[in-house]
file target_18.tsv (TSV, C-alpha atoms and all ligand atoms)
chain	number	residue	atom	x	y	z
A	132	MET	CA	-32.79	-5.89	15.90
A	133	ALA	CA	-29.07	-5.18	15.41
A	134	LYS	CA	-27.12	-6.92	18.15
A	135	LEU	CA	-25.36	-4.84	20.83
A	136	GLY	CA	-21.70	-5.70	21.25
A	137	LEU	CA	-18.16	-4.58	21.84
A	138	ARG	CA	-18.36	-1.67	19.44
A	139	GLU	CA	-21.19	-0.06	21.41
A	140	TRP	CA	-19.25	-0.76	24.60
A	141	PHE	CA	-16.21	1.08	23.26
A	142	ALA	CA	-18.35	3.92	21.94
A	143	ALA	CA	-19.92	4.46	25.38
A	144	GLY	CA	-16.47	4.21	26.99
A	145	ARG	CA	-15.08	6.88	24.69
A	146	VAL	CA	-17.77	9.31	25.86
A	147	ILE	CA	-17.05	8.62	29.52
A	148	ALA	CA	-13.31	8.91	28.98
A	149	GLY	CA	-13.84	12.22	27.15
A	150	GLY	CA	-15.74	13.56	30.18
A	151	GLU	CA	-18.52	15.38	28.28
A	152	MET	CA	-21.83	13.60	28.73
A	153	LEU	CA	-24.16	16.41	27.67
A	154	ARG	CA	-25.00	16.59	24.00
A	155	TYR	CA	-25.29	20.36	24.15
A	156	GLY	CA	-21.92	20.60	25.79
A	157	ASN	CA	-20.42	18.78	22.84
A	158	ARG	CA	-21.10	20.64	19.64
A	159	ASP	CA	-20.39	18.46	16.59
A	160	GLY	CA	-20.32	15.58	19.05
A	161	PHE	CA	-21.63	12.02	18.78
A	162	THR	CA	-25.35	12.82	18.91
A	163	GLN	CA	-25.14	15.53	16.31
A	164	THR	CA	-23.04	13.33	14.03
A	165	PHE	CA	-25.61	10.54	14.36
A	166	GLU	CA	-28.42	12.95	13.50
A	167	GLN	CA	-26.61	14.10	10.38
A	168	ARG	CA	-26.05	10.50	9.25
A	169	LEU	CA	-29.70	9.59	9.88
A	170	SER	CA	-30.75	12.68	7.95
A	171	ASP	CA	-28.47	11.66	5.03
A	172	LEU	CA	-29.92	8.15	5.05
A	173	THR	CA	-33.61	8.99	5.29
A	174	GLY	CA	-33.67	12.25	3.36
A	175	ALA	CA	-35.36	14.11	6.25
A	176	ASP	CA	-33.65	17.50	6.48
A	177	HIS	CA	-33.77	17.54	10.28
A	178	VAL	CA	-33.37	14.81	12.88
A	179	LEU	CA	-33.66	15.30	16.62
A	180	THR	CA	-32.61	12.53	19.00
A	181	VAL	CA	-34.90	12.16	22.03
A	182	ASN	CA	-35.30	9.74	24.90
A	183	GLY	CA	-37.85	7.41	23.28
A	184	GLY	CA	-40.45	6.83	20.59
A	185	THR	CA	-43.26	8.00	22.88
A	186	GLY	CA	-41.36	11.24	23.45
A	187	ALA	CA	-40.77	11.55	19.71
A	188	LEU	CA	-44.52	11.25	19.04
A	189	MET	CA	-45.31	13.85	21.70
A	190	CYS	CA	-42.70	16.22	20.23
A	191	ALA	CA	-44.19	15.71	16.77
A	192	LEU	CA	-47.74	16.38	17.98
A	193	ALA	CA	-46.67	19.44	19.97
A	194	ALA	CA	-44.62	20.67	17.01
A	195	ALA	CA	-47.70	20.38	14.81
A	196	GLY	CA	-49.74	22.39	17.32
A	197	ILE	CA	-52.13	19.53	18.10
A	198	GLY	CA	-54.01	20.08	21.37
A	199	PRO	CA	-57.36	20.30	23.18
A	200	GLY	CA	-60.40	19.80	20.96
A	201	ASP	CA	-58.38	18.01	18.26
A	202	GLU	CA	-58.99	14.46	17.11
A	203	VAL	CA	-56.08	12.30	15.98
A	204	LEU	CA	-56.66	9.14	13.92
A	205	VAL	CA	-54.67	6.13	15.14
A	206	PRO	CA	-54.83	2.47	14.09
A	207	ALA	CA	-56.39	-0.17	16.34
A	208	TYR	CA	-53.23	-2.26	16.01
A	209	THR	CA	-50.15	-0.44	17.33
A	210	TRP	CA	-48.21	-0.10	20.57
A	211	MET	CA	-50.42	1.87	22.97
A	212	ALA	CA	-48.02	4.84	22.88
A	213	THR	CA	-49.48	5.90	19.52
A	214	ALA	CA	-52.81	6.47	21.27
A	215	THR	CA	-51.47	7.88	24.55
A	216	ALA	CA	-49.23	10.52	22.92
A	217	PRO	CA	-52.19	12.59	21.61
A	218	VAL	CA	-53.75	12.45	25.10
A	219	MET	CA	-50.52	13.79	26.61
A	220	VAL	CA	-50.78	16.92	24.44
A	221	GLY	CA	-54.50	17.39	25.18
A	222	ALA	CA	-56.06	15.75	22.09
A	223	VAL	CA	-58.10	12.55	21.77
A	224	PRO	CA	-57.27	9.43	19.75
A	225	ILE	CA	-59.91	8.09	17.35
A	226	LEU	CA	-59.48	4.41	16.55
A	227	VAL	CA	-59.29	3.31	12.92
A	228	ASP	CA	-59.39	-0.26	11.61
A	229	ILE	CA	-56.39	-1.88	9.98
A	230	ASP	CA	-56.69	-3.81	6.73
A	231	GLU	CA	-55.05	-7.07	5.63
A	232	SER	CA	-51.67	-5.30	5.34
A	233	LEU	CA	-51.85	-4.86	9.17
A	234	THR	CA	-51.58	-1.10	8.74
A	235	ILE	CA	-54.21	1.63	8.99
A	236	ASP	CA	-56.99	1.22	6.43
A	237	PRO	CA	-57.27	4.32	4.19
A	238	ALA	CA	-61.00	3.67	3.63
A	239	ASP	CA	-61.63	3.67	7.39
A	240	ILE	CA	-59.54	6.84	7.77
A	241	GLU	CA	-61.99	8.56	5.43
A	242	ALA	CA	-64.92	7.15	7.42
A	243	LYS	CA	-63.55	8.45	10.74
A	244	ILE	CA	-62.75	12.02	9.69
A	245	THR	CA	-64.85	14.69	11.43
A	246	PRO	CA	-64.62	18.50	11.40
A	247	TYR	CA	-62.35	18.13	14.45
A	248	THR	CA	-59.80	15.76	12.93
A	249	LYS	CA	-56.38	17.40	12.78
A	250	ALA	CA	-53.90	14.61	12.18
A	251	ILE	CA	-53.43	11.01	11.11
A	252	ILE	CA	-50.78	8.80	12.70
A	253	PRO	CA	-50.09	5.95	10.27
A	254	VAL	CA	-48.04	3.28	12.01
A	255	HIS	CA	-45.61	1.14	10.03
A	256	MET	CA	-46.12	-1.91	12.22
A	257	ILE	CA	-43.61	-4.77	12.39
A	258	ASN	CA	-41.53	-3.28	9.57
A	259	VAL	CA	-44.53	-3.15	7.19
A	260	PRO	CA	-45.00	0.21	5.47
A	261	CYS	CA	-48.46	1.79	5.37
A	262	ASP	CA	-50.19	2.70	2.13
A	263	MET	CA	-48.56	6.13	2.21
A	264	ASP	CA	-49.66	7.20	-1.28
A	265	ALA	CA	-53.31	6.79	-0.29
A	266	ILE	CA	-52.79	8.34	3.16
A	267	MET	CA	-50.97	11.40	1.83
A	268	ALA	CA	-53.73	11.91	-0.74
A	269	ILE	CA	-56.44	11.78	1.97
A	270	ALA	CA	-54.43	14.16	4.16
A	271	LYS	CA	-54.09	16.62	1.30
A	272	LYS	CA	-57.80	16.42	0.48
A	273	HIS	CA	-58.86	17.07	4.10
A	274	ASP	CA	-55.97	19.33	5.10
A	275	LEU	CA	-54.67	16.97	7.79
A	276	ILE	CA	-51.20	16.64	9.27
A	277	VAL	CA	-49.48	13.27	8.81
A	278	ILE	CA	-47.33	12.17	11.74
A	279	GLU	CA	-45.69	8.86	10.83
A	280	ASP	CA	-45.10	6.43	13.65
A	281	ALA	CA	-42.10	4.59	12.23
A	282	CYS	CA	-40.98	3.35	15.65
A	283	GLN	CA	-41.14	-0.24	14.39
A	284	ALA	CA	-39.76	0.51	10.93
A	285	VAL	CA	-36.43	2.31	11.31
A	286	GLY	CA	-34.61	2.09	7.97
A	287	VAL	CA	-37.58	0.52	6.15
A	288	ARG	CA	-38.33	1.76	2.66
A	289	TYR	CA	-41.64	2.56	1.03
A	290	LYS	CA	-41.06	2.78	-2.72
A	291	ASP	CA	-38.27	5.33	-3.12
A	292	GLN	CA	-38.67	6.91	0.34
A	293	TYR	CA	-37.93	5.99	3.95
A	294	CYS	CA	-40.69	5.39	6.48
A	295	GLY	CA	-40.73	8.30	8.91
A	296	ALA	CA	-39.61	10.82	6.28
A	297	ILE	CA	-42.69	10.76	4.04
A	298	GLY	CA	-45.33	12.62	6.08
A	299	ASP	CA	-45.01	16.04	7.70
A	300	ILE	CA	-43.06	14.67	10.64
A	301	GLY	CA	-42.09	11.20	11.86
A	302	ALA	CA	-41.07	9.30	14.99
A	303	PHE	CA	-38.50	6.52	15.52
A	304	SER	CA	-37.91	4.36	18.57
A	305	PHE	CA	-34.55	2.86	19.49
A	306	ASN	CA	-35.74	0.71	22.37
A	307	THR	CA	-34.55	-2.85	22.91
A	308	TYR	CA	-36.97	-4.41	20.40
A	309	LYS	CA	-36.34	-2.05	17.52
A	310	ASN	CA	-34.18	-2.16	14.36
A	311	ILE	CA	-31.73	0.21	16.03
A	312	ASN	CA	-31.45	-0.74	19.67
A	313	ILE	CA	-29.77	1.07	22.55
A	314	GLY	CA	-32.20	0.06	25.30
A	315	GLU	CA	-34.25	3.27	25.20
A	316	GLY	CA	-34.17	6.15	22.72
A	317	GLY	CA	-35.96	7.76	19.83
A	318	ALA	CA	-35.86	10.43	17.15
A	319	VAL	CA	-38.05	13.01	15.43
A	320	LEU	CA	-37.62	13.47	11.67
A	321	THR	CA	-38.93	16.27	9.49
A	322	SER	CA	-37.99	18.40	6.53
A	323	ASP	CA	-40.07	21.35	7.80
A	324	PRO	CA	-37.83	23.86	9.64
A	325	THR	CA	-40.68	25.25	11.77
A	326	LEU	CA	-41.82	21.79	12.88
A	327	PHE	CA	-38.21	20.99	13.70
A	328	ALA	CA	-37.75	24.17	15.75
A	329	ARG	CA	-40.96	23.51	17.68
A	330	ALA	CA	-40.07	19.86	18.30
A	331	ARG	CA	-36.65	20.88	19.55
A	332	ASN	CA	-38.22	23.51	21.82
A	333	TYR	CA	-40.64	20.92	23.23
A	334	HIS	CA	-37.94	18.34	23.93
A	335	ASP	CA	-35.84	20.81	25.92
A	336	LEU	CA	-38.19	22.66	28.32
A	337	GLY	CA	-38.51	25.54	25.93
A	338	ALA	CA	-34.85	26.41	26.35
A	339	SER	CA	-34.24	25.59	22.71
A	340	MET	CA	-31.02	27.49	22.42
A	341	ARG	CA	-28.23	25.28	23.66
A	342	GLY	CA	-25.60	25.44	21.02
A	343	HIS	CA	-28.08	26.06	18.22
A	344	ASP	CA	-27.54	28.57	15.47
A	345	GLU	CA	-30.01	31.41	15.15
A	346	THR	CA	-31.73	30.08	12.03
A	347	TYR	CA	-34.18	27.79	13.74
A	348	ASN	CA	-34.77	29.64	16.97
A	349	LEU	CA	-38.31	30.83	17.70
A	350	GLU	CA	-40.36	32.35	20.50
A	351	THR	CA	-40.09	29.65	23.12
A	352	PHE	CA	-42.96	27.84	24.83
A	353	VAL	CA	-43.11	25.50	27.81
A	354	GLY	CA	-41.83	22.04	26.96
A	355	ASN	CA	-40.63	18.80	28.44
A	356	ASN	CA	-37.21	17.25	28.97
A	357	MET	CA	-36.58	14.49	26.46
A	358	ARG	CA	-32.88	15.11	25.89
A	359	VAL	CA	-30.32	12.36	25.50
A	360	THR	CA	-26.72	12.06	26.60
A	361	GLU	CA	-23.69	11.62	24.37
A	362	ILE	CA	-23.55	7.96	25.41
A	363	GLU	CA	-26.79	7.38	23.53
A	364	GLY	CA	-25.51	9.40	20.57
A	365	ALA	CA	-22.29	7.38	20.42
A	366	MET	CA	-24.05	4.01	20.67
A	367	LEU	CA	-26.61	5.06	18.07
A	368	GLY	CA	-23.78	5.84	15.66
A	369	VAL	CA	-22.55	2.24	15.93
A	370	GLN	CA	-26.03	0.77	15.63
A	371	LEU	CA	-26.74	2.85	12.53
A	372	SER	CA	-23.79	1.19	10.80
A	373	LYS	CA	-25.35	-2.20	11.51
A	374	LEU	CA	-28.82	-1.27	10.26
A	375	GLY	CA	-28.27	-1.73	6.51
A	376	PRO	CA	-26.74	-5.24	6.71
A	377	MET	CA	-29.39	-6.34	9.21
A	378	LEU	CA	-32.28	-5.19	6.98
A	379	ALA	CA	-30.62	-6.72	3.91
A	380	ARG	CA	-30.55	-10.07	5.69
A	381	LEU	CA	-34.25	-9.76	6.62
A	382	LYS	CA	-35.07	-8.94	3.00
A	383	ARG	CA	-33.27	-12.07	1.75
A	384	ARG	CA	-35.07	-14.16	4.31
A	385	ARG	CA	-38.46	-12.76	3.47
A	386	ALA	CA	-37.85	-13.78	-0.14
A	387	MET	CA	-36.75	-17.31	0.89
A	388	VAL	CA	-39.82	-17.95	3.05
A	389	ALA	CA	-42.22	-16.30	0.61
A	390	GLU	CA	-40.98	-18.60	-2.14
A	391	VAL	CA	-41.58	-21.71	-0.04
A	392	LEU	CA	-45.02	-20.62	1.20
A	393	ALA	CA	-46.28	-19.27	-2.11
A	394	GLY	CA	-47.50	-22.63	-3.39
A	395	HIS	CA	-49.56	-23.61	-0.35
A	396	ASP	CA	-53.34	-23.65	-0.37
A	397	GLY	CA	-55.25	-22.18	2.55
A	398	LEU	CA	-52.83	-19.39	3.29
A	399	GLN	CA	-52.01	-16.15	1.61
A	400	ILE	CA	-48.95	-13.94	1.99
A	401	SER	CA	-50.28	-10.72	3.49
A	402	LEU	CA	-50.83	-7.66	1.35
A	403	HIS	CA	-47.65	-5.55	1.38
A	404	HIS	CA	-47.46	-2.00	0.03
A	405	ASP	CA	-43.92	-2.42	-1.28
A	406	PRO	CA	-43.06	-6.14	-1.44
A	407	ASP	CA	-39.82	-5.54	-3.36
A	408	ASN	CA	-38.44	-3.77	-0.30
A	409	GLY	CA	-40.17	-6.09	2.21
A	410	VAL	CA	-38.21	-7.01	5.33
A	411	SER	CA	-40.93	-8.81	7.28
A	412	LEU	CA	-43.42	-11.50	6.36
A	413	THR	CA	-46.90	-12.30	7.60
A	414	VAL	CA	-49.39	-14.81	6.29
A	415	LEU	CA	-53.17	-14.64	6.37
A	416	PHE	CA	-55.37	-17.69	6.91
A	417	GLU	CA	-59.05	-18.22	6.27
A	418	THR	CA	-59.75	-19.05	9.90
A	419	ALA	CA	-58.24	-18.27	13.29
A	420	ASP	CA	-57.91	-22.03	13.94
A	421	ALA	CA	-55.78	-22.48	10.83
A	422	ALA	CA	-53.53	-19.61	11.97
A	423	GLN	CA	-53.17	-21.22	15.42
A	424	ALA	CA	-52.31	-24.57	13.84
A	425	PHE	CA	-49.65	-22.94	11.65
A	426	ALA	CA	-48.13	-21.11	14.63
A	427	GLY	CA	-48.12	-24.40	16.54
A	428	ARG	CA	-45.46	-25.71	14.15
A	429	GLY	CA	-43.02	-23.10	15.48
A	430	GLY	CA	-41.18	-20.23	13.79
A	431	ALA	CA	-44.31	-18.05	13.69
A	432	TYR	CA	-46.87	-16.50	16.02
A	433	VAL	CA	-50.44	-15.24	15.73
A	434	LEU	CA	-50.77	-11.47	16.00
A	435	ASN	CA	-53.79	-11.13	18.29
A	436	ASP	CA	-51.60	-11.15	21.38
A	437	ASN	CA	-52.79	-9.96	24.77
A	438	SER	CA	-50.25	-7.15	25.01
A	439	LYS	CA	-50.67	-3.43	24.50
A	440	HIS	CA	-50.35	-3.82	20.71
A	441	VAL	CA	-54.09	-4.41	20.36
A	442	TYR	CA	-56.59	-1.68	21.30
A	443	THR	CA	-58.72	-4.03	23.41
A	444	ASN	CA	-55.84	-4.04	25.95
A	445	TRP	CA	-55.51	-0.26	26.18
A	446	ALA	CA	-57.34	0.11	29.50
A	447	PRO	CA	-56.30	3.75	30.19
A	448	ILE	CA	-57.60	4.78	26.75
A	449	LEU	CA	-60.78	2.70	26.78
A	450	ASN	CA	-61.55	4.02	30.29
A	451	GLN	CA	-60.49	7.58	29.36
A	452	ARG	CA	-58.43	7.82	32.52
A	453	THR	CA	-55.66	10.40	33.01
A	454	PHE	CA	-53.44	11.28	35.98
A	455	HIS	CA	-55.78	14.12	37.04
A	456	PRO	CA	-59.53	14.44	36.36
A	457	LYS	CA	-59.16	18.07	35.26
A	458	MET	CA	-56.39	17.22	32.82
A	459	ASN	CA	-58.67	15.04	30.77
A	460	PRO	CA	-58.72	15.72	27.01
A	461	TRP	CA	-61.95	13.75	26.53
A	462	ALA	CA	-63.68	16.41	28.65
A	463	TRP	CA	-62.39	19.09	26.25
A	464	ALA	CA	-63.38	17.24	23.08
A	465	ASN	CA	-65.89	18.86	20.73
A	466	ARG	CA	-68.21	15.85	20.90
A	467	GLU	CA	-68.74	12.84	23.10
A	468	ILE	CA	-66.10	10.18	22.39
A	469	THR	CA	-66.79	6.59	23.39
A	470	TYR	CA	-64.77	3.43	22.99
A	471	ASP	CA	-65.65	-0.23	23.31
A	472	VAL	CA	-63.83	-3.49	22.74
A	473	ASP	CA	-65.88	-4.35	19.65
A	474	MET	CA	-65.42	-1.07	17.83
A	475	CYS	CA	-62.66	-2.38	15.55
A	476	ALA	CA	-63.87	-5.96	15.18
A	477	ARG	CA	-62.46	-6.20	11.66
A	478	SER	CA	-58.95	-5.53	12.99
A	479	LEU	CA	-59.40	-8.24	15.63
A	480	ASP	CA	-60.54	-10.71	12.99
A	481	ILE	CA	-57.52	-9.97	10.74
A	482	LEU	CA	-55.07	-10.22	13.65
A	483	ALA	CA	-56.55	-13.55	14.77
A	484	ARG	CA	-56.04	-14.95	11.26
A	485	THR	CA	-52.53	-13.59	10.69
A	486	CYS	CA	-49.19	-15.17	11.63
A	487	ARG	CA	-45.87	-13.37	11.66
A	488	ILE	CA	-42.94	-15.46	10.51
A	489	ASP	CA	-39.77	-14.96	12.51
A	490	LEU	CA	-36.97	-13.91	10.14
A	491	THR	CA	-34.52	-12.82	12.81
A	492	SER	CA	-32.66	-16.11	13.34
A	493	ARG	CA	-28.89	-15.68	13.49
A	494	LEU	CA	-28.36	-18.85	11.44
A	495	PRO	CA	-26.36	-18.35	8.24
A	496	ASP	CA	-28.59	-18.07	5.16
A	497	PHE	CA	-28.02	-21.63	3.90
A	498	LEU	CA	-29.01	-23.14	7.27
A	499	PHE	CA	-32.01	-20.81	7.56
A	500	ARG	CA	-33.12	-21.91	4.07
A	501	ARG	CA	-32.80	-25.55	5.09
A	502	ARG	CA	-34.87	-24.97	8.21
A	503	VAL	CA	-37.55	-23.17	6.20
A	504	GLN	CA	-37.69	-26.07	3.73
A	505	ARG	CA	-37.95	-28.60	6.55
A	506	ARG	CA	-40.64	-26.66	8.38
A	507	TRP	CA	-42.87	-25.50	5.54
A	508	GLY	CA	-41.49	-27.06	2.36
A	509	GLN	CA	-43.33	-30.35	1.94
A	510	GLY	CA	-46.78	-31.51	2.87
A	511	PHE	CA	-48.11	-28.34	4.37
A	512	PRO	CA	-50.83	-27.71	5.23
A	513	ASP	CA	-51.65	-31.30	6.11
A	601	LIG	C1	-45.47	1.52	17.06
A	601	LIG	C2	-44.81	2.10	18.28
A	601	LIG	N1	-45.02	3.40	18.59
A	601	LIG	C3	-44.45	3.97	19.65
A	601	LIG	C4	-43.60	3.27	20.48
A	601	LIG	C5	-43.00	3.94	21.66
A	601	LIG	O1	-41.61	3.88	21.65
A	601	LIG	P1	-40.77	3.90	23.03
A	601	LIG	O2	-40.99	2.60	23.70
A	601	LIG	O3	-39.35	4.09	22.56
A	601	LIG	O4	-41.26	5.06	23.81
A	601	LIG	C6	-43.33	1.94	20.20
A	601	LIG	C7	-42.44	1.14	21.08
A	601	LIG	O5	-42.65	0.04	21.43
A	601	LIG	C8	-43.96	1.32	19.07
A	601	LIG	O6	-43.75	0.04	18.77

call {"tool": "encode", "arguments": {"input": "target_18.tsv", "output": "structure tokens", "more": "lines below"}}
Ligand SMILES: Cc1ncc(COP(=O)(O)O)c(C=O)c1O
result
Amino acid sequence: MAKLGLREWFAAGRVIAGGEMLRYGNRDGFTQTFEQRLSDLTGADHVLTVNGGTGALMCALAAAGIGPGDEVLVPAYTWMATATAPVMVGAVPILVDIDESLTIDPADIEAKITPYTKAIIPVHMINVPCDMDAIMAIAKKHDLIVIEDACQAVGVRYKDQYCGAIGDIGAFSFNTYKNINIGEGGAVLTSDPTLFARARNYHDLGASMRGHDETYNLETFVGNNMRVTEIEGAMLGVQLSKLGPMLARLKRRRAMVAEVLAGHDGLQISLHHDPDNGVSLTVLFETADAAQAFAGRGGAYVLNDNSKHVYTNWAPILNQRTFHPKMNPWAWANREITYDVDMCARSLDILARTCRIDLTSRLPDFLFRRRVQRRWGQGFPD
């Protein structure tokens, strides 16, 4: 993540000193300027800043008209928000295995499609892009909407495109752990003007007219409040300037570690769908024990954690529990949906055998290289 510092502090102070906190009170203000810059960077024609990645996913789903009776394909390895967002708009998540790239497996997408499937949410986990060529081809064949969850891959490239701007609509998160970090925040990206207008409507109670030109206005519908203040917009502008250098450093470091690990028996650098643009590195072992032993040397961790990144820990989803029994999308589904902790056993096996290497150290490159050499250079595995 890009470090927060004095520049963000000054940016927030400027907003307070200016006295206009509301983004829609400040046309051409900080938030709008940030959106334009993010649009220029990613190539998405429209960007909407919202209060988080979860909100961004809900906006995207609502924009796409996903609702009761619809099935949405989500990977078994992702932050739980990817699976809860469809529920919040009345649809049900269908779990799909990941493959060795740690992203949704196109073959299992095909296997999980039913007549009720409306959308796929590929998730670019831990800065690793999904196999978007294959996913877009499947979506085209089956007439499905692609909502990219790029919450963990802000600024990451897939071939000549940016994650989040490849499918019909995409979601970013700017929470504390993300590439752009302001504590909490998110964005919706799309090049479709109707999806944009609907997302904007949904994020603003259906008001959808504060300071907007007529072009993208539409008949309003009931929405939520996911707006941000100008403080967020101003801080995001600073963080966006730090994104490129931060990702460039991760890319250099991936190359350094990959070079050192390439010669070792018993481990394999994980499949990556665009290694030339890679900014994160994971390694796959033959056994879970070997992965544990590798992680035990420090500088890496095994991915089958006990947090909400793995479907087996998604209790509200597995138990199909919502805040009110009558607001329960599983009751509206077109068929009986069941979940169990073994349903994506292949994903669990891959996660248990995969270690993520930490590339985020603030050491200068030459010291990082030395540490990598010391840790993994000679005599490993022993
Ligand atoms: C893959 C993924 N999707 C969605 C989200 C939700 O983002 P937020 O926490 O900003 O609501 C996150 C955040 O952790 C995430 O990692």

call {"tool": "axis_aligned_box", "arguments": {"input": "target_18.tsv", "around": "region 465-471 of chain A", "padding_each_side": "3 Å", "output": "lines of an AutoDock Vina configuration file"}}
result
center_x = -66.8
center_y = 9.3
center_z = 22.1
size_x = 10.0
size_y = 25.1
size_z = 8.7

call {"tool": "residues_near_ligand", "arguments": {"input": "target_18.tsv", "ligand": "ligand LIG 601 (chain A)", "cutoff": "6 Å", "atoms": "all atoms listed in the file", "output": "PDB file with C-alpha atoms, in the coordinates of the input"}}
result
ATOM      1  CA  GLY A 183     -37.850   7.410  23.280  1.00  0.00           C
ATOM      2  CA  GLY A 184     -40.450   6.830  20.590  1.00  0.00           C
ATOM      3  CA  THR A 185     -43.260   8.000  22.880  1.00  0.00           C
ATOM      4  CA  THR A 209     -50.150  -0.440  17.330  1.00  0.00           C
ATOM      5  CA  TRP A 210     -48.210  -0.100  20.570  1.00  0.00           C
ATOM      6  CA  ALA A 212     -48.020   4.840  22.880  1.00  0.00           C
ATOM      7  CA  THR A 213     -49.480   5.900  19.520  1.00  0.00           C
ATOM      8  CA  VAL A 254     -48.040   3.280  12.010  1.00  0.00           C
ATOM      9  CA  MET A 256     -46.120  -1.910  12.220  1.00  0.00           C
ATOM     10  CA  ASP A 280     -45.100   6.430  13.650  1.00  0.00           C
ATOM     11  CA  CYS A 282     -40.980   3.350  15.650  1.00  0.00           C
ATOM     12  CA  GLN A 283     -41.140  -0.240  14.390  1.00  0.00           C
ATOM     13  CA  SER A 304     -37.910   4.360  18.570  1.00  0.00           C
ATOM     14  CA  PHE A 305     -34.550   2.860  19.490  1.00  0.00           C
ATOM     15  CA  ASN A 306     -35.740   0.710  22.370  1.00  0.00           C
ATOM     16  CA  GLU A 315     -34.250   3.270  25.200  1.00  0.00           C
ATOM     17  CA  GLY A 316     -34.170   6.150  22.720  1.00  0.00           C
ATOM     18  CA  GLY A 317     -35.960   7.760  19.830  1.00  0.00           C
TER      19      GLY A 317
END

call {"tool": "atom_distance", "arguments": {"input": "target_18.tsv", "atom1": "CA of Leu482 (chain A)", "atom2": "CA of Ile269 (chain A)"}}
result
24.9 Å

call {"tool": "closest_atom_pairs", "arguments": {"input": "target_18.tsv", "of": "region 171-206 of chain A", "to": "region 324-329 of chain A", "cutoff": "8 Å", "atoms": "all atoms listed in the file", "output": "tab-separated table"}}
result
residue	atom	partner	partner_atom	distance
A:His177	CA	A:Phe327	CA	6.6
A:Val178	CA	A:Phe327	CA	7.9
A:Leu179	CA	A:Phe327	CA	7.8
A:Cys190	CA	A:Arg329	CA	7.9
A:Ala191	CA	A:Leu326	CA	7.6
A:Ala193	CA	A:Arg329	CA	7.4
A:Ala194	CA	A:Arg329	CA	4.7
A:Ala195	CA	A:Leu326	CA	6.3

call {"tool": "residues_around", "arguments": {"input": "target_18.tsv", "residues": "region 231-237 of chain A", "least_positions_apart": "2", "cutoff": "8 Å", "atoms": "only C-alpha atoms", "output": "ChimeraX atom specification"}}
result
/A:205-208,227-229,239-241,253-256,259-262,265-266,269,401-404,415,481-482

call {"tool": "closest_residue", "arguments": {"input": "target_18.tsv", "among": "A:Asp471, A:Glu390, A:Asp480, A:Asp323", "to": "Asp230 (chain A)", "atoms": "all atoms listed in the file"}}
result
A:Asp480

call {"tool": "residues_around", "arguments": {"input": "target_18.tsv", "residues": "Arg168 (chain A)", "least_positions_apart": "3", "cutoff": "10 Å", "atoms": "all atoms listed in the file", "output": "list in words"}}
result
Thr162, Gln163, Thr164, Phe165, Asp171, Leu172, Thr173, Gly174, Val178, Gly368, Leu371 and Ser372 of chain A

call {"tool": "decode", "arguments": {"input": "target_18.tsv", "residues": "region 405-416 of chain A", "atoms": "N, CA and C atoms", "output": "CSV table (one decimal), in the first residue's frame"}}
result
chain,number,residue,atom,x,y,z
A,405,ASP,N,-0.3,-12.6,-16.5
A,405,ASP,CA,0.5,-11.6,-17.2
A,405,ASP,C,1.8,-11.3,-16.5
A,406,PRO,N,2.7,-12.3,-16.5
A,406,PRO,CA,3.9,-12.2,-15.6
A,406,PRO,C,4.7,-10.9,-15.9
A,407,ASP,N,4.7,-10.5,-17.1
A,407,ASP,CA,5.5,-9.3,-17.4
A,407,ASP,C,5.1,-8.0,-16.7
A,408,ASN,N,3.8,-8.0,-16.3
A,408,ASN,CA,3.3,-6.9,-15.5
A,408,ASN,C,3.1,-7.3,-14.1
A,409,GLY,N,3.6,-8.4,-13.6
A,409,GLY,CA,3.3,-8.9,-12.3
A,409,GLY,C,3.9,-8.0,-11.2
A,410,VAL,N,3.0,-7.8,-10.2
A,410,VAL,CA,3.5,-7.0,-9.0
A,410,VAL,C,3.3,-7.8,-7.7
A,411,SER,N,3.0,-9.1,-7.8
A,411,SER,CA,2.9,-9.9,-6.6
A,411,SER,C,3.4,-11.3,-6.9
A,412,LEU,N,3.9,-12.0,-5.9
A,412,LEU,CA,4.5,-13.3,-6.2
A,412,LEU,C,4.0,-14.3,-5.2
A,413,THR,N,3.5,-15.4,-5.8
A,413,THR,CA,3.2,-16.6,-4.9
A,413,THR,C,3.9,-17.8,-5.4
A,414,VAL,N,4.1,-18.8,-4.5
A,414,VAL,CA,4.8,-20.0,-5.0
A,414,VAL,C,4.0,-21.2,-4.5
A,415,LEU,N,3.9,-22.2,-5.4
A,415,LEU,CA,3.1,-23.4,-5.1
A,415,LEU,C,4.0,-24.6,-4.8
A,416,PHE,N,3.6,-25.3,-3.8
A,416,PHE,CA,4.4,-26.4,-3.3
A,416,PHE,C,3.6,-27.7,-3.6
